[in-house]
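S.K.: Let me give you the structure first, and then I'll get to my questions.
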Amino acid sequence: MRIWPYPAIVAHRGGGKLAPENTLEGIDTGARLGLKMIEFDAKLSADDVVFLLHDDDVDRTSNGHGPAKSMTYAQLRALDAGSWFGKEFAGAHMPTLAEVRERCASLNVAANIEIKPCPGREVETGEQVAREAARLWNDVEPEPLLSSFSYAALEAARDAAPDLPRGMLYERVPAEWREQTAALACVSLHADHRSLDETLVREIKHAGLRVLAYTVNDPERARLLAQWGVDAICTDRIDVIGANFLEDAPK
Ligand code: G3P
Ligand code: MG
């Protein structure tokens with residue numbers, strides 16, 4: 001099994017539910033609460049800048065409208081990605097991957113870069129995110145962990161940056177998880193925690209893979225998953241499931 005240098009608790013979308021998702025302010029929040037690893041979603045603008053956004057459209061998490069794939073990064077950057085969450089976050093923007101690298105380095109947090117392509121841009125997004133991640137994090141330990149629900153994106157990432165660790169993401173773990181993770185030379189399998197049980201976790205671990213479970217917001221569930229052998233818990237509730245959660249005695 002390849003070395004797994006990552007912490008047991010990962011902040012979902014930067015600062016979980018405590019800050020606007022996929023912003024520098026979210027990363028600041030995760031780090032301020034002591035988290036040592038941040039998950040975020042990366043995609044391409046129309047002019048091929050890698051930036052952070054979860055949805056295909058900008059509507060839910062900004063004051064803009066429409067599909068991100070048809071907007072240049074200058075247009076995306078001009079949007080307010082903080083006010084929808086709270087007025088204290090007014091003016092937050094959708095950061096570039098380069099800005100995120102700088103913020104992670106200054107806060108000393110590791111990165112799980114989820115490749116979240118706009119529809120139809122799977123291959124080019126996987127390729128460009130992986131290439132940029134390898135360049136930007138080139139002098140950083142631990143290396144960023146790449147993941148994606150898109151097989152095509154992760155395949156392109158593997159070809160562009162074979163040395164970066166990869167995790168295949170599943171909402172429901174399919175029958176062919178062994179073949180897919182082997183073909184992509186994954187170090188980990190990332191799954192919706194509701195699709196995991198003790199037997200499946202054991203099988204995945206026996207196959208030599210680490211397991212990341214998302215999005216786990218119930219402390220009891222987090223403890224149970226850890227007992228099953230899950231290596232990393234991705235959570236919105238960084239105020240409850242903090243960096244030392246698994247070391248602390250059950251409350
Ligand atoms: O990477 C884990 C998790 O972020 C996947 O789901 O929809 O929140 O990106 P989503
Ligand atoms: Mg994500």
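In the structure tokens, chains take the letters A, B, ... in the order shown, each chain's residues start at 1, and ligands count up from 1 in the order shown.
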So which bits of range 161-227 of chain A end up strand (DSSP E) when you DSSP the backbone, as a VMD selection string?
M.R.: chain A and resid 166 to 170 188 to 192 210 to 214
S.K.: Can those selected residues be exported to a file as a CSV table (one decimal), in the first residue's frame so that it contains N, CA, C and O atoms?
M.R.:
chain,number,residue,atom,x,y,z
A,166,ARG,N,-4.2,9.6,-6.7
A,166,ARG,CA,-5.6,9.7,-7.2
A,166,ARG,C,-6.6,8.8,-6.4
A,166,ARG,O,-6.2,7.7,-6.0
A,167,GLY,N,-7.8,9.4,-6.2
A,167,GLY,CA,-8.9,8.6,-5.6
A,167,GLY,C,-10.1,8.7,-6.5
A,167,GLY,O,-10.5,9.8,-6.9
A,168,MET,N,-10.7,7.5,-6.7
A,168,MET,CA,-11.9,7.5,-7.5
A,168,MET,C,-13.1,7.8,-6.6
A,168,MET,O,-13.2,7.2,-5.5
A,169,LEU,N,-14.0,8.7,-7.0
A,169,LEU,CA,-15.2,9.1,-6.2
A,169,LEU,C,-16.4,8.3,-6.7
A,169,LEU,O,-16.7,8.3,-7.9
A,170,TYR,N,-17.2,7.8,-5.7
A,170,TYR,CA,-18.4,7.2,-6.1
A,170,TYR,C,-19.6,7.6,-5.1
A,170,TYR,O,-19.4,7.7,-3.9
A,188,SER,N,-6.7,5.5,-3.4
A,188,SER,CA,-7.8,5.6,-2.5
A,188,SER,C,-9.2,5.5,-3.3
A,188,SER,O,-9.2,5.8,-4.5
A,189,LEU,N,-10.2,5.1,-2.5
A,189,LEU,CA,-11.6,5.1,-3.1
A,189,LEU,C,-12.3,6.1,-2.1
A,189,LEU,O,-12.3,5.9,-0.9
A,190,HIS,N,-13.1,7.0,-2.7
A,190,HIS,CA,-13.8,8.0,-2.0
A,190,HIS,C,-15.3,7.7,-2.2
A,190,HIS,O,-15.7,7.6,-3.4
A,191,ALA,N,-16.1,7.6,-1.2
A,191,ALA,CA,-17.5,7.2,-1.3
A,191,ALA,C,-18.4,7.9,-0.4
A,191,ALA,O,-18.0,8.3,0.7
A,192,ASP,N,-19.6,8.1,-0.9
A,192,ASP,CA,-20.7,8.6,0.0
A,192,ASP,C,-20.7,7.6,1.2
A,192,ASP,O,-20.9,6.4,0.9
A,210,ARG,N,-6.9,3.0,0.3
A,210,ARG,CA,-7.4,3.8,1.4
A,210,ARG,C,-8.8,4.2,1.1
A,210,ARG,O,-9.2,4.2,-0.1
A,211,VAL,N,-9.6,4.6,2.2
A,211,VAL,CA,-11.0,4.9,2.0
A,211,VAL,C,-11.2,6.3,2.6
A,211,VAL,O,-10.8,6.6,3.7
A,212,LEU,N,-11.8,7.2,1.8
A,212,LEU,CA,-12.3,8.5,2.3
A,212,LEU,C,-13.8,8.4,2.2
A,212,LEU,O,-14.4,8.0,1.1
A,213,ALA,N,-14.5,8.8,3.3
A,213,ALA,CA,-16.0,8.8,3.3
A,213,ALA,C,-16.5,10.3,3.3
A,213,ALA,O,-16.0,11.1,4.1
A,214,TYR,N,-17.4,10.6,2.5
A,214,TYR,CA,-18.0,12.0,2.5
A,214,TYR,C,-19.5,11.8,2.6
A,214,TYR,O,-20.0,10.7,2.4
S.K.: As a list of chain:residue names, please: the residues near Phe85 in chain A (cut-off 8 Å, only C-alpha atoms, same-chain neighbours under 3 positions excluded).
M.R.: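 So, after excluding close chain neighbours, the residues are A:Ala19, A:Pro20, A:Thr61, A:Gly82, A:Phe89.
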S.K.: Tell me, counting only C-alpha atoms and all ligand atoms, for each residue of chain A within 8 Å of ligand 1, which pair of atoms is nearest and how far apart they are in Å to one decimal, in rows ordered by chain and increasing number, as a tab-separated table.
M.R.:
residue	atom	partner	partner_atom_place_in_ligand_line	distance
A:His12	CA	ligand 1	4 (O)	6.0
A:Arg13	CA	ligand 1	4 (O)	6.5
A:Glu39	CA	ligand 1	1 (O)	6.3
A:Phe40	CA	ligand 1	4 (O)	6.7
A:Asp41	CA	ligand 1	9 (O)	6.2
A:His54	CA	ligand 1	9 (O)	6.2
A:Asn112	CA	ligand 1	1 (O)	7.5
A:Ile113	CA	ligand 1	1 (O)	7.9
A:Glu114	CA	ligand 1	1 (O)	5.6
A:Lys116	CA	ligand 1	9 (O)	7.4
A:Ser147	CA	ligand 1	1 (O)	6.8
A:Ser148	CA	ligand 1	1 (O)	7.3
A:Phe149	CA	ligand 1	5 (C)	7.9
A:Leu169	CA	ligand 1	1 (O)	6.9
A:His190	CA	ligand 1	2 (C)	6.9
A:Ala191	CA	ligand 1	2 (C)	7.5
A:Asp192	CA	ligand 1	5 (C)	7.5
A:Ala213	CA	ligand 1	2 (C)	7.6
A:Tyr214	CA	ligand 1	2 (C)	5.3
A:Thr215	CA	ligand 1	3 (C)	6.4
A:Cys234	CA	ligand 1	2 (C)	6.6
S.K.: Could you write out the selected residues, including N, CA, C and O atoms, as a CSV table (one decimal), in the first residue's frame?
M.R.:
chain,number,residue,atom,x,y,z
A,12,HIS,N,-14.8,19.8,4.2
A,12,HIS,CA,-15.5,19.7,3.0
A,12,HIS,C,-15.7,21.1,2.4
A,12,HIS,O,-16.2,22.0,3.0
A,13,ARG,N,-15.3,21.3,1.1
A,13,ARG,CA,-15.5,22.5,0.4
A,13,ARG,C,-14.8,23.7,1.1
A,13,ARG,O,-15.3,24.9,1.0
A,39,GLU,N,-10.8,19.8,1.3
A,39,GLU,CA,-11.3,19.4,0.0
A,39,GLU,C,-12.0,20.6,-0.7
A,39,GLU,O,-12.6,21.4,0.0
A,40,PHE,N,-11.8,20.6,-2.0
A,40,PHE,CA,-12.5,21.7,-2.8
A,40,PHE,C,-12.7,21.2,-4.2
A,40,PHE,O,-12.1,20.2,-4.6
A,41,ASP,N,-13.5,21.9,-5.0
A,41,ASP,CA,-14.0,21.5,-6.3
A,41,ASP,C,-13.4,22.4,-7.3
A,41,ASP,O,-13.5,23.6,-7.3
A,54,HIS,N,-18.5,24.5,-7.2
A,54,HIS,CA,-19.1,23.1,-7.1
A,54,HIS,C,-20.1,22.9,-8.2
A,54,HIS,O,-20.0,21.9,-8.9
A,112,ASN,N,-7.2,18.2,-1.0
A,112,ASN,CA,-7.9,17.2,-1.8
A,112,ASN,C,-8.6,17.9,-2.9
A,112,ASN,O,-9.6,18.6,-2.7
A,113,ILE,N,-8.0,17.9,-4.1
A,113,ILE,CA,-8.5,18.6,-5.2
A,113,ILE,C,-9.5,17.7,-5.9
A,113,ILE,O,-9.1,16.7,-6.6
A,114,GLU,N,-10.8,18.0,-5.8
A,114,GLU,CA,-11.8,17.2,-6.5
A,114,GLU,C,-12.0,17.9,-7.9
A,114,GLU,O,-12.3,19.1,-8.0
A,116,LYS,N,-14.0,18.6,-10.9
A,116,LYS,CA,-15.4,18.7,-11.0
A,116,LYS,C,-15.7,19.3,-12.4
A,116,LYS,O,-16.1,20.5,-12.4
A,147,SER,N,-9.1,13.8,-6.9
A,147,SER,CA,-10.2,12.8,-7.0
A,147,SER,C,-11.3,13.3,-8.0
A,147,SER,O,-11.2,14.5,-8.3
A,148,SER,N,-12.1,12.4,-8.4
A,148,SER,CA,-13.2,12.8,-9.3
A,148,SER,C,-14.3,11.7,-9.4
A,148,SER,O,-13.9,10.5,-9.3
A,149,PHE,N,-15.5,12.2,-9.6
A,149,PHE,CA,-16.6,11.2,-10.0
A,149,PHE,C,-16.4,10.8,-11.4
A,149,PHE,O,-17.1,9.9,-11.9
A,169,LEU,N,-14.0,8.7,-7.0
A,169,LEU,CA,-15.2,9.1,-6.2
A,169,LEU,C,-16.4,8.3,-6.7
A,169,LEU,O,-16.7,8.3,-7.9
A,190,HIS,N,-13.1,7.0,-2.7
A,190,HIS,CA,-13.8,8.0,-2.0
A,190,HIS,C,-15.3,7.7,-2.2
A,190,HIS,O,-15.7,7.6,-3.4
A,191,ALA,N,-16.1,7.6,-1.2
A,191,ALA,CA,-17.5,7.2,-1.3
A,191,ALA,C,-18.4,7.9,-0.4
A,191,ALA,O,-18.0,8.3,0.7
A,192,ASP,N,-19.6,8.1,-0.9
A,192,ASP,CA,-20.7,8.6,0.0
A,192,ASP,C,-20.7,7.6,1.2
A,192,ASP,O,-20.9,6.4,0.9
A,213,ALA,N,-14.5,8.8,3.3
A,213,ALA,CA,-16.0,8.8,3.3
A,213,ALA,C,-16.5,10.3,3.3
A,213,ALA,O,-16.0,11.1,4.1
A,214,TYR,N,-17.4,10.6,2.5
A,214,TYR,CA,-18.0,12.0,2.5
A,214,TYR,C,-19.5,11.8,2.6
A,214,TYR,O,-20.0,10.7,2.4
A,215,THR,N,-20.3,12.8,2.9
A,215,THR,CA,-20.0,13.9,3.7
A,215,THR,C,-20.6,13.6,5.1
A,215,THR,O,-21.8,13.5,5.2
A,234,CYS,N,-14.6,13.2,5.4
A,234,CYS,CA,-14.8,14.6,4.9
A,234,CYS,C,-16.1,15.1,5.4
A,234,CYS,O,-17.1,14.5,5.3
S.K.: What's around range 29-34 of chain A at 7 Å? Count only C-alpha atoms, leave out sequence neighbours fewer than 3 positions away in its own chain, and write the answer as a list of chain:residue names.
M.R.: A:Ala11, A:Gly14, A:Gly15, A:Ala19, A:Glu25, A:Gly26, A:Leu107, A:Val109, A:Ala243
S.K.: With C-alpha atoms retained, export the selected residues as a PDB file, in the first residue's frame.
M.R.:
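Generated file (part34.pdb):
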ATOM      1  CA  ALA A  11     -12.905  19.973   5.705  1.00  0.00           C
ATOM      2  CA  GLY A  14     -13.023  24.565   2.468  1.00  0.00           C
ATOM      3  CA  GLY A  15     -14.863  25.550   5.619  1.00  0.00           C
ATOM      4  CA  ALA A  19     -18.167  29.779   5.408  1.00  0.00           C
ATOM      5  CA  GLU A  25     -12.384  32.536   3.241  1.00  0.00           C
ATOM      6  CA  GLY A  26     -13.634  28.952   3.524  1.00  0.00           C
ATOM      7  CA  LEU A 107      -1.878  27.949   6.323  1.00  0.00           C
ATOM      8  CA  VAL A 109      -3.039  22.597   5.061  1.00  0.00           C
ATOM      9  CA  ALA A 243      -8.939  17.636  13.538  1.00  0.00           C
TER      10      ALA A 243
END
S.K.: Excluding Ala185 in chain A and any residue of its chain fewer than 6 positions from it, enumerate the residues within 10 Å of it, using only C-alpha atoms, and give them as a PyMOL selection string.
M.R.: chain A and resi 155+158+162-163+165-168+179+209
S.K.: From a backbone DSSP assignment, name each residue in range 46-201 of chain A labelled helix (DSSP H, G or I), as a ChimeraX atom specification.
M.R.: /A:68-70,73-77,87-89,97-107,122-136,151-160,177-183,193-195,198-201
S.K.: Smallest atom-to-atom distance to His65 in chain A: which of A:Val201, A:Ala222, A:Leu79, A:Val187, using only C-alpha atoms?
M.R.: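 Smallest distance to His65 in chain A is found for A:Leu79.
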S.K.: Skipping near chain neighbours, those fewer than 2 positions away, what residues fall within 10 Å of range 127-131 of chain A using only C-alpha atoms, listed as number ranges by chain?
M.R.: A: 42-44, 48-51, 97, 113-117, 122-125, 133-136, 144-146, 152-164, 166
S.K.: Could you take the residues named above and write them with N, CA and C atoms, as a compact mmCIF listing (two decimals), in the first residue's frame?
M.R.:
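Once written, again.txt looks like this:
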# COMPACT_ATOMS: atom_id res chain seq x y z
N ALA A 42 -12.68 21.81 -8.33
CA ALA A 42 -11.98 22.60 -9.34
C ALA A 42 -12.53 22.31 -10.74
N LYS A 43 -12.69 23.37 -11.51
CA LYS A 43 -13.16 23.23 -12.89
C LYS A 43 -12.53 24.30 -13.77
N LEU A 44 -12.87 24.27 -15.07
CA LEU A 44 -12.29 25.22 -16.03
C LEU A 44 -13.29 26.30 -16.42
N ASP A 48 -10.24 28.64 -19.96
CA ASP A 48 -9.31 27.61 -19.48
C ASP A 48 -8.49 27.99 -18.26
N VAL A 49 -9.09 28.76 -17.37
CA VAL A 49 -8.46 29.00 -16.07
C VAL A 49 -9.07 28.00 -15.08
N VAL A 50 -8.21 27.35 -14.30
CA VAL A 50 -8.71 26.43 -13.26
C VAL A 50 -9.12 27.26 -12.04
N PHE A 51 -10.37 27.11 -11.65
CA PHE A 51 -10.90 27.88 -10.51
C PHE A 51 -11.84 26.98 -9.71
N LEU A 97 -6.87 28.09 -8.91
CA LEU A 97 -6.12 27.03 -8.23
C LEU A 97 -4.79 27.58 -7.70
N ILE A 113 -7.97 17.86 -4.09
CA ILE A 113 -8.52 18.60 -5.24
C ILE A 113 -9.51 17.69 -5.95
N GLU A 114 -10.80 18.01 -5.79
CA GLU A 114 -11.80 17.25 -6.54
C GLU A 114 -11.97 17.88 -7.92
N ILE A 115 -11.70 17.10 -8.94
CA ILE A 115 -11.86 17.56 -10.32
C ILE A 115 -13.34 17.45 -10.65
N LYS A 116 -13.97 18.61 -10.87
CA LYS A 116 -15.43 18.66 -11.03
C LYS A 116 -15.72 19.33 -12.37
N PRO A 117 -15.58 18.61 -13.48
CA PRO A 117 -15.65 19.26 -14.80
C PRO A 117 -17.03 19.80 -15.12
N GLU A 122 -14.74 16.95 -19.54
CA GLU A 122 -14.13 16.03 -18.57
C GLU A 122 -12.63 15.84 -18.83
N VAL A 123 -12.28 15.52 -20.06
CA VAL A 123 -10.89 15.16 -20.35
C VAL A 123 -9.97 16.37 -20.19
N GLU A 124 -10.35 17.48 -20.78
CA GLU A 124 -9.47 18.65 -20.69
C GLU A 124 -9.37 19.17 -19.26
N THR A 125 -10.45 19.04 -18.49
CA THR A 125 -10.39 19.50 -17.10
C THR A 125 -9.47 18.60 -16.28
N ALA A 133 -1.79 21.24 -10.86
CA ALA A 133 -1.56 20.81 -9.47
C ALA A 133 -0.13 20.33 -9.31
N ALA A 134 0.36 19.57 -10.27
CA ALA A 134 1.73 19.06 -10.19
C ALA A 134 2.73 20.22 -10.20
N ARG A 135 2.46 21.22 -11.00
CA ARG A 135 3.37 22.38 -11.08
C ARG A 135 3.28 23.22 -9.81
N LEU A 136 2.08 23.52 -9.38
CA LEU A 136 1.90 24.44 -8.25
C LEU A 136 2.35 23.83 -6.92
N PRO A 144 -0.88 17.03 -3.30
CA PRO A 144 -2.34 17.10 -3.31
C PRO A 144 -2.93 15.76 -3.78
N LEU A 145 -4.04 15.40 -3.18
CA LEU A 145 -4.75 14.18 -3.56
C LEU A 145 -5.84 14.56 -4.57
N LEU A 146 -5.75 14.01 -5.77
CA LEU A 146 -6.74 14.31 -6.81
C LEU A 146 -7.88 13.30 -6.71
N ALA A 152 -13.34 9.61 -16.86
CA ALA A 152 -12.58 10.20 -17.97
C ALA A 152 -11.65 11.30 -17.46
N ALA A 153 -12.13 12.09 -16.51
CA ALA A 153 -11.29 13.17 -15.96
C ALA A 153 -10.11 12.60 -15.19
N LEU A 154 -10.37 11.56 -14.41
CA LEU A 154 -9.29 11.00 -13.60
C LEU A 154 -8.28 10.25 -14.48
N GLU A 155 -8.77 9.67 -15.56
CA GLU A 155 -7.88 9.01 -16.51
C GLU A 155 -6.95 10.04 -17.17
N ALA A 156 -7.53 11.17 -17.54
CA ALA A 156 -6.72 12.24 -18.14
C ALA A 156 -5.73 12.80 -17.12
N ALA A 157 -6.16 12.88 -15.85
CA ALA A 157 -5.26 13.35 -14.78
C ALA A 157 -4.10 12.38 -14.61
N ARG A 158 -4.39 11.10 -14.66
CA ARG A 158 -3.33 10.09 -14.53
C ARG A 158 -2.31 10.25 -15.65
N ASP A 159 -2.78 10.48 -16.84
CA ASP A 159 -1.86 10.60 -17.97
C ASP A 159 -1.05 11.90 -17.91
N ALA A 160 -1.68 12.95 -17.39
CA ALA A 160 -1.00 14.26 -17.34
C ALA A 160 -0.01 14.35 -16.18
N ALA A 161 -0.35 13.72 -15.06
CA ALA A 161 0.51 13.81 -13.86
C ALA A 161 0.49 12.47 -13.15
N PRO A 162 1.16 11.48 -13.73
CA PRO A 162 1.05 10.11 -13.20
C PRO A 162 1.49 9.97 -11.75
N ASP A 163 2.37 10.86 -11.30
CA ASP A 163 2.90 10.71 -9.94
C ASP A 163 2.00 11.28 -8.85
N LEU A 164 1.01 12.06 -9.23
CA LEU A 164 0.11 12.59 -8.19
C LEU A 164 -0.87 11.50 -7.76
N ARG A 166 -4.21 9.56 -6.69
CA ARG A 166 -5.59 9.69 -7.18
C ARG A 166 -6.56 8.83 -6.37
S.K.: Report, in Å with one decimal, the straight-line distance from CA of Arg221 in chain A to CA of Phe245 in chain A.
M.R.: 12.2 Å
S.K.: Env of Val140 in chain A: 10 Å cut, atoms = only C-alpha atoms, seq-sep filter 2 positions within chain, self excluded. Answer as an NGL selection string.
M.R.: :A and (101 or 105 or 108 or 110 or 134 or 136-138 or 142-144)
